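Next up, protein-v2.txt (compact mmCIF, C-alpha atoms):
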# COMPACT_ATOMS: atom_id res chain seq x y z
CA MET A 653 -95.99 3.92 70.11
CA TRP A 654 -94.49 0.48 70.61
CA TYR A 655 -94.82 0.66 74.40
CA ASN A 656 -98.59 1.34 74.44
CA VAL A 657 -100.24 -2.06 74.56
CA ASP A 658 -103.97 -2.56 75.10
CA PHE A 659 -104.07 -6.15 76.33
CA ASP A 660 -107.87 -6.47 76.11
CA LYS A 661 -107.81 -5.42 72.48
CA LEU A 662 -104.87 -7.72 71.80
CA ILE A 663 -106.75 -10.68 73.31
CA LEU A 664 -109.78 -10.00 71.14
CA LEU A 665 -107.69 -9.60 67.99
CA LEU A 666 -105.74 -12.82 68.55
CA LEU A 667 -108.77 -14.86 69.57
CA PRO A 668 -110.37 -16.67 66.63
CA THR A 669 -113.77 -15.23 65.69
CA PRO A 670 -115.92 -18.32 66.56
CA THR A 671 -114.40 -18.51 70.08
CA ARG A 672 -114.93 -14.84 71.01
CA LYS A 673 -117.31 -15.52 73.89
CA PRO A 674 -117.40 -13.65 77.23
CA LYS A 675 -116.28 -16.75 79.13
CA ASN A 676 -113.23 -17.32 76.91
CA PHE A 677 -112.39 -13.61 76.93
CA GLY A 678 -112.61 -13.49 80.76
CA PHE A 679 -110.38 -16.57 81.08
CA LEU A 680 -107.72 -15.11 78.79
CA GLN A 681 -108.01 -11.76 80.56
CA ALA A 682 -107.30 -13.51 83.87
CA LEU A 683 -104.26 -15.20 82.33
CA THR A 684 -102.82 -11.91 81.05
CA SER A 685 -103.68 -9.80 84.11
CA SER A 686 -100.23 -10.25 85.70
CA ILE A 687 -98.38 -9.10 82.58
CA ALA A 688 -100.87 -6.25 82.13
CA ASN A 689 -100.18 -5.15 85.73
CA LEU A 690 -96.43 -5.37 85.10
CA HIS A 691 -96.83 -3.29 81.93
CA TYR A 692 -98.85 -0.68 83.84
CA ARG A 693 -96.16 -0.38 86.54
CA TRP A 694 -93.46 -0.13 83.87
CA SER A 695 -95.32 2.66 82.05
CA ARG A 696 -95.73 4.64 85.31
CA MET A 697 -92.03 4.20 86.06
CA ARG A 698 -91.19 5.31 82.51
CA GLU A 699 -93.25 8.50 82.94
CA GLU A 700 -91.56 9.25 86.28
CA ASN A 701 -88.10 8.75 84.79
CA LEU A 702 -88.90 10.97 81.79
CA LYS A 703 -90.10 13.69 84.15
CA LYS A 704 -86.97 13.28 86.28
CA LEU A 705 -84.81 13.61 83.17
CA SER A 706 -86.62 16.75 82.04
CA TYR A 707 -84.88 18.70 84.85
CA ASN A 708 -81.17 19.46 85.10
CA SER A 709 -78.72 21.22 87.40
CA GLN A 710 -79.57 24.79 86.35
CA LYS A 711 -80.90 26.79 89.26
CA CYS A 712 -84.21 27.59 87.59
CA TYR A 713 -84.89 23.89 86.92
CA LEU A 714 -83.70 22.90 90.40
CA ARG A 715 -86.08 25.44 91.92
CA GLY A 716 -88.84 24.09 89.68
CA VAL A 717 -88.36 20.47 90.71
CA LEU A 718 -88.21 21.39 94.41
CA ASN A 719 -91.40 23.44 94.16
CA ASP A 720 -93.16 20.79 92.05
CA ARG A 721 -92.42 18.07 94.58
CA TYR A 722 -92.56 19.78 97.97
CA ASP A 723 -94.54 23.04 97.65
CA PRO A 724 -96.76 22.80 94.54
CA GLU A 725 -99.45 25.26 95.70
CA GLU A 726 -97.51 28.23 97.05
CA ARG A 727 -94.10 27.60 95.39
CA ARG A 728 -92.09 29.31 98.15
CA ILE A 729 -88.80 27.46 97.69
CA THR A 730 -86.16 29.76 96.18
CA ILE A 731 -82.50 29.50 95.23
CA LYS A 732 -80.17 32.47 95.63
CA ASN A 733 -76.51 33.14 94.98
CA LYS A 734 -74.27 34.06 97.87
CA VAL A 735 -73.53 37.75 98.37
CA ASN A 736 -69.66 37.70 98.42
CA LYS A 737 -69.20 40.61 100.81
CA ALA A 738 -65.78 41.68 101.99
CA GLN A 739 -65.24 41.09 105.69
CA ASP A 740 -64.57 43.97 108.07
CA TYR A 741 -62.03 43.35 110.78
CA ILE A 742 -61.61 44.87 114.21
CA TYR A 743 -57.96 45.71 114.70
CA THR A 744 -55.89 45.12 117.80
CA GLN A 745 -54.03 47.92 119.64
CA ALA A 746 -50.70 46.61 118.38
CA GLU A 747 -51.70 47.24 114.76
CA ASN A 748 -52.21 51.00 115.41
CA LEU A 749 -55.20 51.25 113.07
CA PRO A 750 -58.50 53.03 113.65
CA VAL A 751 -60.99 51.26 115.89
CA TYR A 752 -64.11 53.00 114.54
CA LEU A 753 -65.64 50.89 111.78
CA GLY A 754 -68.81 52.83 111.07
CA THR A 755 -72.17 51.12 110.66
CA MET A 756 -71.85 47.37 110.19
CA TRP A 757 -74.44 44.78 109.32
CA LEU A 758 -73.91 41.23 110.42
CA GLU A 759 -74.08 38.61 107.70
CA THR A 760 -74.12 34.87 107.93
CA GLU A 761 -70.77 33.16 107.44
CA PHE A 762 -71.41 31.84 103.91
CA ASN A 763 -72.17 35.31 102.50
CA TYR A 764 -68.55 36.46 102.80
CA GLU A 765 -65.77 36.08 100.28
CA GLY A 766 -63.80 32.88 100.55
CA SER A 767 -66.80 30.79 101.53
CA THR A 768 -67.12 27.36 99.96
CA ILE A 769 -70.90 27.68 99.51
CA ASP A 770 -71.99 28.24 95.88
CA PHE A 771 -75.72 28.86 96.40
CA MET A 772 -78.41 28.91 99.07
CA VAL A 773 -81.73 27.06 99.01
CA ASN A 774 -84.46 28.84 100.97
CA VAL A 775 -87.11 26.39 102.20
CA PRO A 776 -90.16 27.21 104.39
CA GLN A 777 -89.77 25.94 107.95
CA GLU A 778 -92.84 23.66 107.91
CA ILE A 779 -91.64 21.88 104.75
CA MET A 780 -88.12 21.63 106.10
CA ASN A 781 -89.32 20.03 109.34
CA LEU A 782 -91.19 17.29 107.48
CA LYS A 783 -89.13 16.56 104.37
CA ILE A 784 -85.55 17.70 104.91
CA ASN A 785 -84.03 14.33 103.93
CA GLU A 786 -86.04 14.17 100.71
CA ILE A 787 -85.07 17.74 99.83
CA VAL A 788 -81.39 16.99 100.39
CA ALA A 789 -81.64 13.81 98.27
CA THR A 790 -83.35 15.72 95.46
CA ILE A 791 -80.75 18.50 95.50
CA GLU A 792 -77.91 15.96 95.59
CA PHE A 793 -79.41 14.15 92.59
CA TYR A 794 -79.49 17.28 90.41
CA VAL A 795 -76.60 19.45 91.61
CA LEU A 796 -73.31 19.28 89.72
CA ALA A 797 -70.32 17.58 91.29
CA GLY A 798 -68.15 20.06 93.14
CA LYS A 799 -70.96 22.54 93.82
CA SER A 800 -71.89 23.11 97.44
CA TYR A 801 -75.06 24.56 98.88
CA GLN A 802 -76.66 25.58 102.14
CA ILE A 803 -80.32 24.94 103.03
CA ILE A 804 -81.87 27.80 104.99
CA ALA A 805 -85.23 27.73 106.74
CA ILE A 806 -87.36 30.80 106.02
Take the structure in this file and express it as structure tokens.
Amino acid sequence: MWYNVDFDKLILLLLPTPTRKPKNFGFLQALTSSIANLHYRWSRMREENLKKLSYNSQKCYLRGVLNDRYDPEERRITIKNKVNKAQDYIYTQAENLPVYLGTMWLETEFNYEGSTIDFMVNVPQEIMNLKINEIVATIEFYVLAGKSYQIIAI
């Protein structure tokens, strides 16, 4: 492609045949080393940006990018939807309703209906302790505007 440039080969091709000596080649190589270094850094940045653009805001891709960056061996980071359970209320005496509610299981606040959380990101505790800011920045980069999330340590 147009962006793949071999500077050593280019020097040899542009150098006239009678002057293709190791000393001349080394001198011209030293002159082009700064632009070759700049080209190398640009090509690495291009690869990183193409990889960054290969992901999007879908939950499967978001989980993939989080696992690729922060837990590549065990891939323990997961994304789950909230449960949307109806809340049970304990009534006061003035309401004259039954007090017995049966067996109840306590849920976290964002699992109930009416919560503003759209999805939960489960991250292992040791990763969360070290890289919480990077994880938040990565999620904020990919998540759609208006979607909210909660990071939970597992």
Using only C-alpha atoms, find the one residue out of A:Leu718, A:Thr730, A:Asn708, A:Ile769 that sits nearest to Val788 of chain A. A:Leu718
Please list as a ChimeraX atom specification every residue within 8 Å of Phe659 of chain A, counting all atoms listed in the file and excluding residues in the same chain fewer than 2 positions away. /A:657,661-663,684,688
Who sits within 12 Å of Met780 of chain A, only C-alpha atoms, same chain under 5 positions skipped, as a ChimeraX atom specification: /A:718,722-723,728-729,773-775,785-788,803-806
Restricting to all atoms listed in the file, whichever of A:Asn689, A:Asn701, A:Ser800, A:Asn656 is closest to Phe771 of chain A is A:Ser800
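We find atom CA of Thr768 of chain A and atom CA of Ala797 of chain A to be spaced 13.5 Å apart.
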